[in-house]
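Here's structure32.cif, which has mmCIF, C-alpha atoms (C1' of nucleotides):
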data_entry
#
loop_
_atom_site.label_atom_id
_atom_site.label_comp_id
_atom_site.auth_asym_id
_atom_site.auth_seq_id
_atom_site.Cartn_x
_atom_site.Cartn_y
_atom_site.Cartn_z
CA MET F 25 -14.90 -0.74 26.36
CA GLU F 26 -18.31 -2.30 26.73
CA LYS F 27 -18.75 -2.80 23.05
CA TYR F 28 -15.68 -4.97 22.78
CA LYS F 29 -16.95 -7.30 25.43
CA GLU F 30 -20.28 -7.50 23.69
CA ALA F 31 -18.53 -8.51 20.52
CA GLY F 32 -17.12 -11.52 22.34
CA LEU F 33 -13.55 -10.27 22.39
CA LYS F 34 -11.18 -11.14 25.17
CA LEU F 35 -9.94 -8.06 26.95
CA THR F 36 -6.23 -8.65 27.32
CA PRO F 37 -3.94 -5.91 28.62
CA GLN F 38 -2.38 -5.56 25.18
CA ARG F 39 -5.74 -5.02 23.56
CA LEU F 40 -6.74 -2.51 26.17
CA ALA F 41 -3.56 -0.58 25.45
CA ILE F 42 -4.25 -0.61 21.72
CA LEU F 43 -7.87 0.37 22.21
CA LYS F 44 -6.89 3.17 24.53
CA TYR F 45 -4.32 4.43 22.08
CA LEU F 46 -6.82 4.44 19.24
CA GLU F 47 -9.67 5.94 21.24
CA GLY F 48 -10.22 9.42 19.88
CA ASN F 49 -6.96 9.30 17.94
CA LYS F 50 -7.25 11.49 14.86
CA GLU F 51 -3.79 10.88 13.46
CA HIS F 52 -4.50 7.74 11.48
CA PRO F 53 -1.55 5.84 12.88
CA SER F 54 0.15 2.98 11.10
CA ALA F 55 0.71 -0.39 12.73
CA ASP F 56 4.26 0.71 13.38
CA ASP F 57 3.14 3.91 15.07
CA ILE F 58 0.87 1.90 17.32
CA TYR F 59 3.58 -0.60 18.11
CA LYS F 60 6.13 2.09 18.91
CA ALA F 61 3.76 4.05 21.11
CA ILE F 62 2.62 1.09 23.12
CA SER F 63 5.84 -0.84 23.45
CA LYS F 64 7.28 2.05 25.45
CA LYS F 65 4.99 1.30 28.33
CA PHE F 66 4.51 -2.30 27.41
CA PRO F 67 7.86 -3.74 26.37
CA THR F 68 6.61 -7.22 25.55
CA MET F 69 4.10 -6.05 22.95
CA SER F 70 4.81 -7.67 19.60
CA PHE F 71 3.97 -6.71 16.03
CA ALA F 72 1.98 -9.87 15.60
CA THR F 73 -0.35 -8.76 18.36
CA VAL F 74 -0.79 -5.31 16.89
CA TYR F 75 -1.65 -6.75 13.50
CA ASN F 76 -3.85 -9.46 14.95
CA THR F 77 -5.78 -6.98 17.02
CA LEU F 78 -6.20 -4.51 14.18
CA GLU F 79 -7.35 -7.29 11.90
CA THR F 80 -9.86 -8.46 14.48
CA LEU F 81 -11.17 -4.94 14.97
CA ARG F 82 -11.35 -4.38 11.24
CA LYS F 83 -13.44 -7.49 10.73
CA ARG F 84 -15.86 -6.18 13.31
CA GLY F 85 -15.99 -2.79 11.68
CA GLN F 86 -14.38 -1.02 14.60
CA VAL F 87 -11.41 0.35 12.72
CA MET F 88 -11.00 1.29 9.09
CA GLU F 89 -7.96 0.42 7.05
CA LEU F 90 -6.72 3.32 4.96
CA ASN F 91 -4.63 2.57 1.91
CA PHE F 92 -3.61 5.86 0.37
CA ASP F 93 -0.23 5.97 2.03
CA PRO F 94 1.87 4.00 -0.44
CA PHE F 95 4.36 3.00 2.22
CA LYS F 96 2.11 1.47 4.80
CA LYS F 97 -1.43 0.88 5.92
CA ARG F 98 -2.93 3.35 8.32
CA PHE F 99 -5.79 2.77 10.69
CA ASP F 100 -8.69 4.97 11.57
CA PRO F 101 -10.67 4.33 14.74
CA ASN F 102 -13.58 6.41 13.49
CA PRO F 103 -16.13 3.73 12.74
CA ARG F 104 -18.58 5.61 10.55
CA PRO F 105 -17.55 6.12 6.93
CA HIS F 106 -16.04 9.49 6.23
CA HIS F 107 -13.64 11.24 3.91
CA HIS F 108 -10.10 12.53 4.32
CA VAL F 109 -7.78 15.37 3.46
CA ILE F 110 -4.12 14.59 2.99
CA CYS F 111 -1.39 17.20 3.24
CA VAL F 112 0.82 16.61 0.24
CA SER F 113 3.71 18.18 2.08
CA CYS F 114 3.78 16.55 5.52
CA GLN F 115 1.50 13.58 4.76
CA LYS F 116 -0.79 14.43 7.63
CA ILE F 117 -4.26 12.99 7.21
CA LEU F 118 -7.36 14.56 8.74
CA ASP F 119 -11.01 13.67 8.75
CA VAL F 120 -13.53 15.57 6.68
CA GLN F 121 -16.76 16.28 8.52
CA ASN F 122 -19.26 16.80 5.76
CA GLU F 123 -21.06 14.39 3.54
CA PHE F 124 -21.27 14.60 -0.21
CA SER F 125 -23.99 13.54 -2.57
CA LEU F 126 -22.41 12.20 -5.71
CA ASP F 127 -23.99 11.59 -9.06
CA PRO F 128 -23.85 7.96 -10.12
CA PRO F 129 -20.50 7.33 -11.79
CA GLN F 130 -20.38 6.69 -15.52
CA ILE F 131 -18.42 3.59 -16.34
CA GLU F 132 -17.49 2.32 -19.74
CA SER F 133 -19.27 -0.88 -20.74
CA GLU F 134 -20.08 -2.15 -17.25
CA GLU F 135 -22.94 -2.05 -14.85
CA PHE F 136 -21.63 -1.57 -11.38
CA GLU F 137 -23.85 -1.74 -8.37
CA ILE F 138 -22.44 1.04 -6.22
CA ILE F 139 -22.20 0.37 -2.51
CA GLY F 140 -20.16 3.24 -1.15
CA SER F 141 -17.48 5.79 -1.85
CA HIS F 142 -14.46 7.45 -0.32
CA ILE F 143 -13.07 10.84 -1.24
CA GLU F 144 -9.48 11.88 -0.71
CA PHE F 145 -8.79 15.56 -0.88
CA TYR F 146 -5.23 16.63 -1.50
CA GLY F 147 -3.95 19.91 -0.18
CA VAL F 148 -1.51 21.81 1.98
CA CYS F 149 -2.15 22.19 5.69
CA SER F 150 -1.77 25.54 7.41
CA LYS F 151 1.51 24.54 9.03
CA CYS F 152 3.11 23.58 5.73
CA LYS F 153 1.65 26.60 4.00
CA GLY F 154 3.50 28.74 6.50
CA LYS F 155 6.76 26.90 5.94
CA ARG F 156 6.60 27.37 2.23
CA ARG F 157 6.89 31.06 2.90
CA ASN F 158 5.16 32.33 -0.24
CA MET G 29 5.63 7.34 -28.87
CA GLU G 30 6.47 10.86 -29.99
CA LYS G 31 5.75 12.35 -26.62
CA TYR G 32 8.37 10.22 -24.91
CA LYS G 33 11.06 11.36 -27.26
CA GLU G 34 10.03 14.94 -26.73
CA ALA G 35 10.40 14.45 -23.02
CA GLY G 36 14.05 13.55 -23.56
CA LEU G 37 13.64 9.89 -22.70
CA LYS G 38 15.78 7.23 -24.25
CA LEU G 39 13.71 4.72 -26.13
CA THR G 40 15.14 1.39 -25.15
CA PRO G 41 13.45 -1.86 -26.19
CA GLN G 42 12.44 -2.48 -22.56
CA ARG G 43 10.74 0.87 -22.32
CA LEU G 44 8.97 0.38 -25.58
CA ALA G 45 7.63 -2.92 -24.29
CA ILE G 46 6.38 -1.29 -21.09
CA LEU G 47 4.85 1.62 -22.95
CA LYS G 48 3.15 -0.71 -25.40
CA TYR G 49 1.78 -2.79 -22.56
CA LEU G 50 0.38 0.26 -20.80
CA GLU G 51 -0.99 1.93 -23.94
CA GLY G 52 -4.74 1.79 -23.63
CA ASN G 53 -4.55 -0.68 -20.73
CA LYS G 54 -7.57 -0.22 -18.47
CA GLU G 55 -6.71 -2.86 -15.92
CA HIS G 56 -4.51 -0.80 -13.63
CA PRO G 57 -1.71 -3.33 -13.52
CA SER G 58 0.77 -3.60 -10.68
CA ALA G 59 4.51 -3.58 -11.24
CA ASP G 60 4.41 -7.33 -10.89
CA ASP G 61 1.70 -7.67 -13.54
CA ILE G 62 3.78 -5.59 -15.92
CA TYR G 63 6.91 -7.56 -15.17
CA LYS G 64 5.18 -10.90 -15.66
CA ALA G 65 3.51 -9.86 -18.90
CA ILE G 66 6.64 -8.47 -20.46
CA SER G 67 9.21 -10.97 -19.28
CA LYS G 68 7.43 -13.67 -21.26
CA LYS G 69 8.52 -12.11 -24.51
CA PHE G 70 11.50 -10.36 -23.02
CA PRO G 71 13.24 -12.72 -20.61
CA THR G 72 15.96 -10.35 -19.52
CA MET G 73 13.57 -7.69 -18.23
CA SER G 74 14.22 -6.99 -14.56
CA PHE G 75 12.07 -5.57 -11.80
CA ALA G 76 14.46 -2.71 -11.38
CA THR G 77 13.77 -1.62 -14.92
CA VAL G 78 10.02 -1.84 -14.47
CA TYR G 79 10.15 0.27 -11.34
CA ASN G 80 12.67 2.69 -12.81
CA THR G 81 10.57 3.20 -15.89
CA LEU G 82 7.34 3.62 -13.97
CA GLU G 83 8.99 6.10 -11.65
CA THR G 84 10.33 8.06 -14.59
CA LEU G 85 6.94 8.09 -16.26
CA ARG G 86 5.26 9.09 -13.02
CA LYS G 87 7.58 12.05 -12.58
CA ARG G 88 6.62 13.22 -16.04
CA GLY G 89 2.96 12.77 -15.34
CA GLN G 90 2.50 10.00 -17.85
CA VAL G 91 1.29 7.37 -15.42
CA MET G 92 -0.57 7.67 -12.16
CA GLU G 93 0.24 5.65 -9.10
CA LEU G 94 -2.83 4.20 -7.39
CA ASN G 95 -2.64 3.26 -3.76
CA PHE G 96 -5.97 1.80 -2.77
CA ASP G 97 -4.91 -1.80 -3.20
CA PRO G 98 -3.43 -2.57 0.20
CA PHE G 99 -1.14 -5.22 -1.21
CA LYS G 100 0.63 -3.33 -3.92
CA LYS G 101 0.79 -0.20 -5.97
CA ARG G 102 -1.08 -0.15 -9.22
CA PHE G 103 -0.41 2.02 -12.21
CA ASP G 104 -2.79 3.85 -14.48
CA PRO G 105 -1.64 5.02 -17.90
CA ASN G 106 -4.54 7.47 -18.15
CA PRO G 107 -2.75 10.77 -17.69
CA ARG G 108 -5.62 13.10 -16.83
CA PRO G 109 -6.97 12.96 -13.30
CA HIS G 110 -10.03 10.81 -12.93
CA HIS G 111 -11.89 8.68 -10.44
CA HIS G 112 -12.28 4.94 -10.01
CA VAL G 113 -14.74 2.21 -9.17
CA ILE G 114 -13.46 -0.87 -7.40
CA CYS G 115 -15.28 -4.17 -7.38
CA VAL G 116 -15.24 -5.32 -3.77
CA SER G 117 -15.56 -8.90 -4.91
CA CYS G 118 -12.96 -9.37 -7.65
CA GLN G 119 -10.86 -6.24 -6.98
CA LYS G 120 -11.21 -5.08 -10.55
CA ILE G 121 -10.68 -1.33 -10.92
CA LEU G 122 -12.26 0.71 -13.68
CA ASP G 123 -12.16 4.35 -14.63
CA VAL G 124 -15.04 6.69 -13.98
CA GLN G 125 -15.75 9.06 -16.84
CA ASN G 126 -17.59 11.92 -15.22
CA GLU G 127 -16.37 14.82 -13.16
CA PHE G 128 -17.75 15.87 -9.81
CA SER G 129 -18.02 19.26 -8.25
CA LEU G 130 -17.44 18.92 -4.55
CA ASP G 131 -18.23 21.36 -1.80
CA PRO G 132 -15.16 22.48 0.11
CA PRO G 133 -14.46 19.95 2.84
CA GLN G 134 -15.02 20.90 6.45
CA ILE G 135 -12.02 20.12 8.58
CA GLU G 136 -11.75 20.42 12.30
CA SER G 137 -9.43 23.19 13.46
CA GLU G 138 -7.30 23.47 10.34
CA GLU G 139 -7.23 25.52 7.21
CA PHE G 140 -6.31 23.36 4.31
CA GLU G 141 -5.62 24.72 0.89
CA ILE G 142 -7.26 22.14 -1.33
CA ILE G 143 -5.42 21.21 -4.49
CA GLY G 144 -7.25 18.19 -5.82
CA SER G 145 -9.33 15.16 -5.00
CA HIS G 146 -9.83 11.55 -5.88
CA ILE G 147 -13.00 9.54 -5.43
CA GLU G 148 -13.10 5.78 -5.04
CA PHE G 149 -16.46 4.17 -5.55
CA TYR G 150 -16.95 0.71 -4.12
CA GLY G 151 -19.36 -1.69 -5.69
CA VAL G 152 -19.99 -5.02 -7.36
CA CYS G 153 -19.31 -5.44 -11.05
CA SER G 154 -21.83 -7.15 -13.32
CA LYS G 155 -19.76 -10.32 -13.53
CA CYS G 156 -19.59 -10.71 -9.76
CA LYS G 157 -23.23 -9.76 -9.38
CA GLY G 158 -24.09 -12.68 -11.60
CA LYS G 159 -21.95 -15.07 -9.61
CA ARG G 160 -23.62 -14.11 -6.37
CA ARG G 161 -26.82 -15.49 -7.83
CA ASN G 162 -29.24 -13.31 -5.89
"C1'" DC E 2 -10.10 -25.88 31.62
"C1'" DT E 3 -10.03 -24.43 26.86
"C1'" DG E 4 -9.93 -21.72 23.00
"C1'" DG E 5 -8.45 -17.60 21.86
"C1'" DC E 6 -4.40 -14.56 22.39
"C1'" DT E 7 0.52 -13.50 22.76
"C1'" DG E 8 5.37 -13.25 21.55
"C1'" DC E 9 9.11 -14.57 19.01
"C1'" DA E 10 11.41 -15.45 14.91
"C1'" DA E 11 11.35 -16.76 10.43
"C1'" DA E 12 9.05 -16.23 6.03
"C1'" DT E 13 6.85 -13.61 2.45
"C1'" DC E 14 5.93 -9.99 -0.55
"C1'" DT E 15 6.70 -5.61 -2.61
"C1'" DT E 16 9.77 -2.11 -3.59
"C1'" DT E 17 14.40 -0.02 -3.48
"C1'" DT E 18 19.33 0.21 -4.06
"C1'" DG E 19 24.40 -0.48 -5.38
"C1'" DC E 20 27.10 -1.31 -8.93
"C1'" DA E 21 29.19 -3.01 -13.05
"C1'" DT E 22 27.95 -3.20 -17.80
"C1'" DC E 23 25.50 -1.74 -21.84
"C1'" DC E 24 23.70 1.09 -25.54
"C1'" DT E 25 20.89 5.17 -27.21
"C1'" DG E 26 21.32 9.57 -29.01
"C1'" DC V 5 31.50 8.55 -26.44
"C1'" DA V 6 28.97 10.02 -22.31
"C1'" DG V 7 25.35 9.68 -19.51
"C1'" DG V 8 21.36 7.53 -18.86
"C1'" DA V 9 19.37 2.76 -18.70
"C1'" DT V 10 19.69 -2.11 -17.63
"C1'" DG V 11 20.14 -6.39 -14.93
"C1'" DC V 12 21.39 -8.79 -11.08
"C1'" DA V 13 21.41 -9.68 -6.46
"C1'" DA V 14 21.12 -8.08 -2.09
"C1'" DA V 15 18.73 -4.94 1.14
"C1'" DA V 16 15.01 -2.74 3.13
"C1'" DG V 17 10.24 -2.33 4.89
"C1'" DA V 18 5.80 -3.83 5.89
"C1'" DT V 19 3.00 -7.55 6.91
"C1'" DT V 20 2.02 -12.49 7.72
"C1'" DT V 21 2.64 -16.96 9.64
"C1'" DG V 22 3.92 -21.14 12.57
"C1'" DC V 23 4.05 -22.58 16.82
"C1'" DA V 24 4.68 -23.20 21.75
"C1'" DG V 25 3.14 -21.31 25.89
"C1'" DC V 26 -0.18 -18.28 28.38
"C1'" DC V 27 -4.40 -16.50 30.46
"C1'" DA V 28 -9.31 -14.45 30.31
"C1'" DG V 29 -13.73 -16.06 30.67
#

Serialized structure, C-alpha cells:
Amino acid sequence: MEKYKEAGLKLTPQRLAILKYLEGNKEHPSADDIYKAISKKFPTMSFATVYNTLETLRKRGQVMELNFDPFKKRFDPNPRPHHHVICVSCQKILDVQNEFSLDPPQIESEEFEIIGSHIEFYGVCSKCKGKRRN
Amino acid sequence: MEKYKEAGLKLTPQRLAILKYLEGNKEHPSADDIYKAISKKFPTMSFATVYNTLETLRKRGQVMELNFDPFKKRFDPNPRPHHHVICVSCQKILDVQNEFSLDPPQIESEEFEIIGSHIEFYGVCSKCKGKRRN
DNA sequence: CTGGCTGCAAATCTTTTGCATCCTG
DNA sequence: CAGGATGCAAAAGATTTGCAGCCAG
C-alpha cells in the first residue's frame, strides 16, 4: 500500500477495499464486479466511489482500462503493459506473458508516430473447449 | 450492392443510405455518426434502423464492430480482418495494411486454442504532431 | 481544519426492445 | 401478400455528475 501513500492519495477504508480486491486479481473485473464484491462486506460503498477510485488510479497509471468488452469497461491492476487473450465463448480474459516485436505498421497516406501497441488474441479456453464436446 | 441482394437482404432506401455512407468510409464511424450523417438527407431514419442494419451486416460479416473506443462502438466496413492505429490525441482510427506473424501467446495455467488476433497501435498522427509544436 | 473523498440520486449517453405499421420481393 | 424492415418511444445498462456532509492527514 506504500505506493498509494507516496502518490499522495488518501487511504480511506473504501479505497483499501478496492485496492485489496484488485491486488493480484487476474480476472479483469468491471466496475460492477468490483462494486458487487465489495458492497457485500461494505454495504455503504457506492458506484461513484468505485468509479472515482478507478479513475484516480488510472490517471496514476496503477490500473489499466480495457475496452474490448463491448458491454462495459474492465480494469486490469497489472501496471506494466501487456497483451490479452479473450475466450470467445465465456468472455474470460487472461494476460499474455510474452512480448512481441512488431514491424512498423503501414498506414495509408499518414505518418504516425507509434507510441505503443496492444494485442488481443481471440480463442477458446480449455474449459469451453471441453464443453463444446467435439 | 449485388452482394447484399445475394445475401437475401431487402434493399430498403434506409439500408441503401447506410451502405452508401459506409462504402469506402475509413473513419470508423459510430452508430451515432451514421445516424447524424444520414438523417440530414433522410429525416425519418431512426436509431433502431441504424442498429438493426449494422447488426444484420455484422452477422453477415460485412462490417466489423470495433470496441476500443470506451465511449461507444465503432463500425468498420472493411470486411477482411486487419489492424488499427489510434491517434491518442484526436482519437482518429486508421487501418493498418500489413499482416503480422505472431508467436503463440504464453498464458499462465491455461491452454487456449487461438483463433485470431487484433493489434491496436497507439500513436500520434501527423496532424496532431504538428499541433504539439515540438 | 481543510481539501479531498464519499454516498446518494438524478442525469447522461449509448444501445436495445416492443409493437404497430409499412413495403420489398 | 407475407415476412422482414421501419419508426417511435420507452427501457435498459453503464457511467458521470452535483452536492451536502464526512474524515484522513

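In this comparison, which uses all atoms listed in the file, the residue of F:Phe92, F:Cys152, F:Lys116, F:His108 approaching chain G most closely is F:Phe92.
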
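Residue nearest chain E within the list F:Asn49, F:Ser125, F:Thr80, F:Ser70: F:Ser70 [criterion: smallest interatomic distance, only C-alpha atoms (C1' of nucleotides)].
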
Could you write out chain F as a PDB file with C-alpha atoms, in the frame of the given file once it has been least-squares superposed on chain G using every ordered C-alpha pair?
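Generated file (out.pdb):
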ATOM      1  CA  MET F  25       5.777   7.522 -28.734  1.00  0.00           C
ATOM      2  CA  GLU F  26       6.665  11.026 -29.798  1.00  0.00           C
ATOM      3  CA  LYS F  27       5.929  12.495 -26.438  1.00  0.00           C
ATOM      4  CA  TYR F  28       8.480  10.322 -24.712  1.00  0.00           C
ATOM      5  CA  LYS F  29      11.202  11.486 -27.014  1.00  0.00           C
ATOM      6  CA  GLU F  30      10.199  15.065 -26.427  1.00  0.00           C
ATOM      7  CA  ALA F  31      10.528  14.518 -22.722  1.00  0.00           C
ATOM      8  CA  GLY F  32      14.165  13.596 -23.252  1.00  0.00           C
ATOM      9  CA  LEU F  33      13.725   9.925 -22.451  1.00  0.00           C
ATOM     10  CA  LYS F  34      15.849   7.274 -24.053  1.00  0.00           C
ATOM     11  CA  LEU F  35      13.764   4.819 -26.007  1.00  0.00           C
ATOM     12  CA  THR F  36      15.164   1.452 -25.031  1.00  0.00           C
ATOM     13  CA  PRO F  37      13.459  -1.761 -26.132  1.00  0.00           C
ATOM     14  CA  GLN F  38      12.400  -2.443 -22.554  1.00  0.00           C
ATOM     15  CA  ARG F  39      10.738   0.926 -22.257  1.00  0.00           C
ATOM     16  CA  LEU F  40       8.991   0.499 -25.555  1.00  0.00           C
ATOM     17  CA  ALA F  41       7.606  -2.807 -24.328  1.00  0.00           C
ATOM     18  CA  ILE F  42       6.367  -1.225 -21.111  1.00  0.00           C
ATOM     19  CA  LEU F  43       4.882   1.735 -22.939  1.00  0.00           C
ATOM     20  CA  LYS F  44       3.170  -0.536 -25.407  1.00  0.00           C
ATOM     21  CA  TYR F  45       1.765  -2.657 -22.629  1.00  0.00           C
ATOM     22  CA  LEU F  46       0.398   0.369 -20.815  1.00  0.00           C
ATOM     23  CA  GLU F  47      -0.961   2.092 -23.906  1.00  0.00           C
ATOM     24  CA  GLY F  48      -4.726   1.971 -23.635  1.00  0.00           C
ATOM     25  CA  ASN F  49      -4.554  -0.532 -20.787  1.00  0.00           C
ATOM     26  CA  LYS F  50      -7.586  -0.103 -18.553  1.00  0.00           C
ATOM     27  CA  GLU F  51      -6.753  -2.790 -16.025  1.00  0.00           C
ATOM     28  CA  HIS F  52      -4.568  -0.759 -13.704  1.00  0.00           C
ATOM     29  CA  PRO F  53      -1.787  -3.314 -13.614  1.00  0.00           C
ATOM     30  CA  SER F  54       0.678  -3.646 -10.776  1.00  0.00           C
ATOM     31  CA  ALA F  55       4.424  -3.633 -11.318  1.00  0.00           C
ATOM     32  CA  ASP F  56       4.301  -7.394 -11.041  1.00  0.00           C
ATOM     33  CA  ASP F  57       1.608  -7.672 -13.691  1.00  0.00           C
ATOM     34  CA  ILE F  58       3.712  -5.570 -16.017  1.00  0.00           C
ATOM     35  CA  TYR F  59       6.820  -7.582 -15.304  1.00  0.00           C
ATOM     36  CA  LYS F  60       5.062 -10.897 -15.850  1.00  0.00           C
ATOM     37  CA  ALA F  61       3.431  -9.798 -19.080  1.00  0.00           C
ATOM     38  CA  ILE F  62       6.572  -8.419 -20.606  1.00  0.00           C
ATOM     39  CA  SER F  63       9.111 -10.948 -19.440  1.00  0.00           C
ATOM     40  CA  LYS F  64       7.309 -13.590 -21.489  1.00  0.00           C
ATOM     41  CA  LYS F  65       8.426 -11.979 -24.692  1.00  0.00           C
ATOM     42  CA  PHE F  66      11.407 -10.299 -23.167  1.00  0.00           C
ATOM     43  CA  PRO F  67      13.100 -12.742 -20.812  1.00  0.00           C
ATOM     44  CA  THR F  68      15.847 -10.407 -19.652  1.00  0.00           C
ATOM     45  CA  MET F  69      13.469  -7.755 -18.329  1.00  0.00           C
ATOM     46  CA  SER F  70      14.105  -7.123 -14.649  1.00  0.00           C
ATOM     47  CA  PHE F  71      11.962  -5.718 -11.855  1.00  0.00           C
ATOM     48  CA  ALA F  72      14.382  -2.883 -11.362  1.00  0.00           C
ATOM     49  CA  THR F  73      13.720  -1.724 -14.898  1.00  0.00           C
ATOM     50  CA  VAL F  74       9.972  -1.911 -14.483  1.00  0.00           C
ATOM     51  CA  TYR F  75      10.116   0.137 -11.307  1.00  0.00           C
ATOM     52  CA  ASN F  76      12.644   2.570 -12.713  1.00  0.00           C
ATOM     53  CA  THR F  77      10.576   3.148 -15.803  1.00  0.00           C
ATOM     54  CA  LEU F  78       7.330   3.559 -13.896  1.00  0.00           C
ATOM     55  CA  GLU F  79       9.001   5.972 -11.523  1.00  0.00           C
ATOM     56  CA  THR F  80      10.375   7.980 -14.423  1.00  0.00           C
ATOM     57  CA  LEU F  81       6.982   8.089 -16.104  1.00  0.00           C
ATOM     58  CA  ARG F  82       5.294   9.034 -12.861  1.00  0.00           C
ATOM     59  CA  LYS F  83       7.623  11.967 -12.338  1.00  0.00           C
ATOM     60  CA  ARG F  84       6.703  13.199 -15.782  1.00  0.00           C
ATOM     61  CA  GLY F  85       3.023  12.781 -15.108  1.00  0.00           C
ATOM     62  CA  GLN F  86       2.578  10.063 -17.690  1.00  0.00           C
ATOM     63  CA  VAL F  87       1.322   7.399 -15.334  1.00  0.00           C
ATOM     64  CA  MET F  88      -0.572   7.665 -12.083  1.00  0.00           C
ATOM     65  CA  GLU F  89       0.225   5.601  -9.039  1.00  0.00           C
ATOM     66  CA  LEU F  90      -2.865   4.165  -7.393  1.00  0.00           C
ATOM     67  CA  ASN F  91      -2.675   3.201  -3.751  1.00  0.00           C
ATOM     68  CA  PHE F  92      -6.005   1.723  -2.771  1.00  0.00           C
ATOM     69  CA  ASP F  93      -4.933  -1.857  -3.248  1.00  0.00           C
ATOM     70  CA  PRO F  94      -3.428  -2.636   0.146  1.00  0.00           C
ATOM     71  CA  PHE F  95      -1.195  -5.331  -1.277  1.00  0.00           C
ATOM     72  CA  LYS F  96       0.566  -3.464  -4.011  1.00  0.00           C
ATOM     73  CA  LYS F  97       0.752  -0.298  -6.030  1.00  0.00           C
ATOM     74  CA  ARG F  98      -1.122  -0.198  -9.285  1.00  0.00           C
ATOM     75  CA  PHE F  99      -0.431   2.022 -12.239  1.00  0.00           C
ATOM     76  CA  ASP F 100      -2.792   3.876 -14.479  1.00  0.00           C
ATOM     77  CA  PRO F 101      -1.628   5.096 -17.876  1.00  0.00           C
ATOM     78  CA  ASN F 102      -4.524   7.526 -18.132  1.00  0.00           C
ATOM     79  CA  PRO F 103      -2.760  10.826 -17.634  1.00  0.00           C
ATOM     80  CA  ARG F 104      -5.663  13.121 -16.834  1.00  0.00           C
ATOM     81  CA  PRO F 105      -7.030  12.930 -13.296  1.00  0.00           C
ATOM     82  CA  HIS F 106     -10.083  10.765 -12.951  1.00  0.00           C
ATOM     83  CA  HIS F 107     -11.940   8.633 -10.459  1.00  0.00           C
ATOM     84  CA  HIS F 108     -12.315   4.888 -10.008  1.00  0.00           C
ATOM     85  CA  VAL F 109     -14.761   2.160  -9.136  1.00  0.00           C
ATOM     86  CA  ILE F 110     -13.449  -0.897  -7.360  1.00  0.00           C
ATOM     87  CA  CYS F 111     -15.263  -4.219  -7.325  1.00  0.00           C
ATOM     88  CA  VAL F 112     -15.183  -5.352  -3.727  1.00  0.00           C
ATOM     89  CA  SER F 113     -15.515  -8.930  -4.863  1.00  0.00           C
ATOM     90  CA  CYS F 114     -12.939  -9.401  -7.627  1.00  0.00           C
ATOM     91  CA  GLN F 115     -10.854  -6.269  -6.967  1.00  0.00           C
ATOM     92  CA  LYS F 116     -11.232  -5.102 -10.530  1.00  0.00           C
ATOM     93  CA  ILE F 117     -10.707  -1.378 -10.915  1.00  0.00           C
ATOM     94  CA  LEU F 118     -12.323   0.675 -13.670  1.00  0.00           C
ATOM     95  CA  ASP F 119     -12.216   4.304 -14.634  1.00  0.00           C
ATOM     96  CA  VAL F 120     -15.115   6.629 -13.971  1.00  0.00           C
ATOM     97  CA  GLN F 121     -15.861   8.964 -16.854  1.00  0.00           C
ATOM     98  CA  ASN F 122     -17.679  11.828 -15.232  1.00  0.00           C
ATOM     99  CA  GLU F 123     -16.463  14.725 -13.206  1.00  0.00           C
ATOM    100  CA  PHE F 124     -17.837  15.800  -9.873  1.00  0.00           C
ATOM    101  CA  SER F 125     -18.104  19.208  -8.323  1.00  0.00           C
ATOM    102  CA  LEU F 126     -17.493  18.904  -4.623  1.00  0.00           C
ATOM    103  CA  ASP F 127     -18.253  21.378  -1.905  1.00  0.00           C
ATOM    104  CA  PRO F 128     -15.163  22.527  -0.046  1.00  0.00           C
ATOM    105  CA  PRO F 129     -14.416  20.015   2.700  1.00  0.00           C
ATOM    106  CA  GLN F 130     -14.926  21.017   6.316  1.00  0.00           C
ATOM    107  CA  ILE F 131     -11.896  20.270   8.409  1.00  0.00           C
ATOM    108  CA  GLU F 132     -11.557  20.614  12.125  1.00  0.00           C
ATOM    109  CA  SER F 133      -9.231  23.408  13.218  1.00  0.00           C
ATOM    110  CA  GLU F 134      -7.151  23.639  10.045  1.00  0.00           C
ATOM    111  CA  GLU F 135      -7.086  25.661   6.905  1.00  0.00           C
ATOM    112  CA  PHE F 136      -6.221  23.444   4.020  1.00  0.00           C
ATOM    113  CA  GLU F 137      -5.592  24.796   0.586  1.00  0.00           C
ATOM    114  CA  ILE F 138      -7.252  22.174  -1.585  1.00  0.00           C
ATOM    115  CA  ILE F 139      -5.455  21.210  -4.765  1.00  0.00           C
ATOM    116  CA  GLY F 140      -7.313  18.177  -6.030  1.00  0.00           C
ATOM    117  CA  SER F 141      -9.369  15.156  -5.124  1.00  0.00           C
ATOM    118  CA  HIS F 142      -9.852  11.510  -5.954  1.00  0.00           C
ATOM    119  CA  ILE F 143     -13.014   9.506  -5.449  1.00  0.00           C
ATOM    120  CA  GLU F 144     -13.110   5.755  -5.036  1.00  0.00           C
ATOM    121  CA  PHE F 145     -16.454   4.130  -5.510  1.00  0.00           C
ATOM    122  CA  TYR F 146     -16.932   0.687  -4.056  1.00  0.00           C
ATOM    123  CA  GLY F 147     -19.334  -1.746  -5.620  1.00  0.00           C
ATOM    124  CA  VAL F 148     -19.966  -5.079  -7.270  1.00  0.00           C
ATOM    125  CA  CYS F 149     -19.323  -5.521 -10.972  1.00  0.00           C
ATOM    126  CA  SER F 150     -21.849  -7.239 -13.207  1.00  0.00           C
ATOM    127  CA  LYS F 151     -19.774 -10.406 -13.423  1.00  0.00           C
ATOM    128  CA  CYS F 152     -19.561 -10.795  -9.658  1.00  0.00           C
ATOM    129  CA  LYS F 153     -23.190  -9.851  -9.229  1.00  0.00           C
ATOM    130  CA  GLY F 154     -24.060 -12.789 -11.434  1.00  0.00           C
ATOM    131  CA  LYS F 155     -21.866 -15.158  -9.458  1.00  0.00           C
ATOM    132  CA  ARG F 156     -23.460 -14.212  -6.206  1.00  0.00           C
ATOM    133  CA  ARG F 157     -26.639 -15.678  -7.582  1.00  0.00           C
ATOM    134  CA  ASN F 158     -29.118 -13.642  -5.539  1.00  0.00           C
TER     135      ASN F 158
END

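When the PyMOL selection byres ((chain G) within 9 of (chain E)) is evaluated against the file, it yields G:Lys38, G:Leu39, G:Thr40, G:Asp60, G:Ala76, G:Tyr79, G:Phe99, G:Lys100, G:Lys101.
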
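With all atoms listed in the file taken into account, chain G has Asn95, Phe96, Asp97, Pro98, Asp123, Val124, Gln125, Asn126, Pro133, Gln134, Ile135, Glu138, Glu139, Phe140, Glu141, Ile142, Ile143, Gly144, Ser145, His146, Ile147, Glu148, Phe149, Tyr150, Gly151, Val152, Cys153 and Ser154 of chain G at most 7 Å from chain F.
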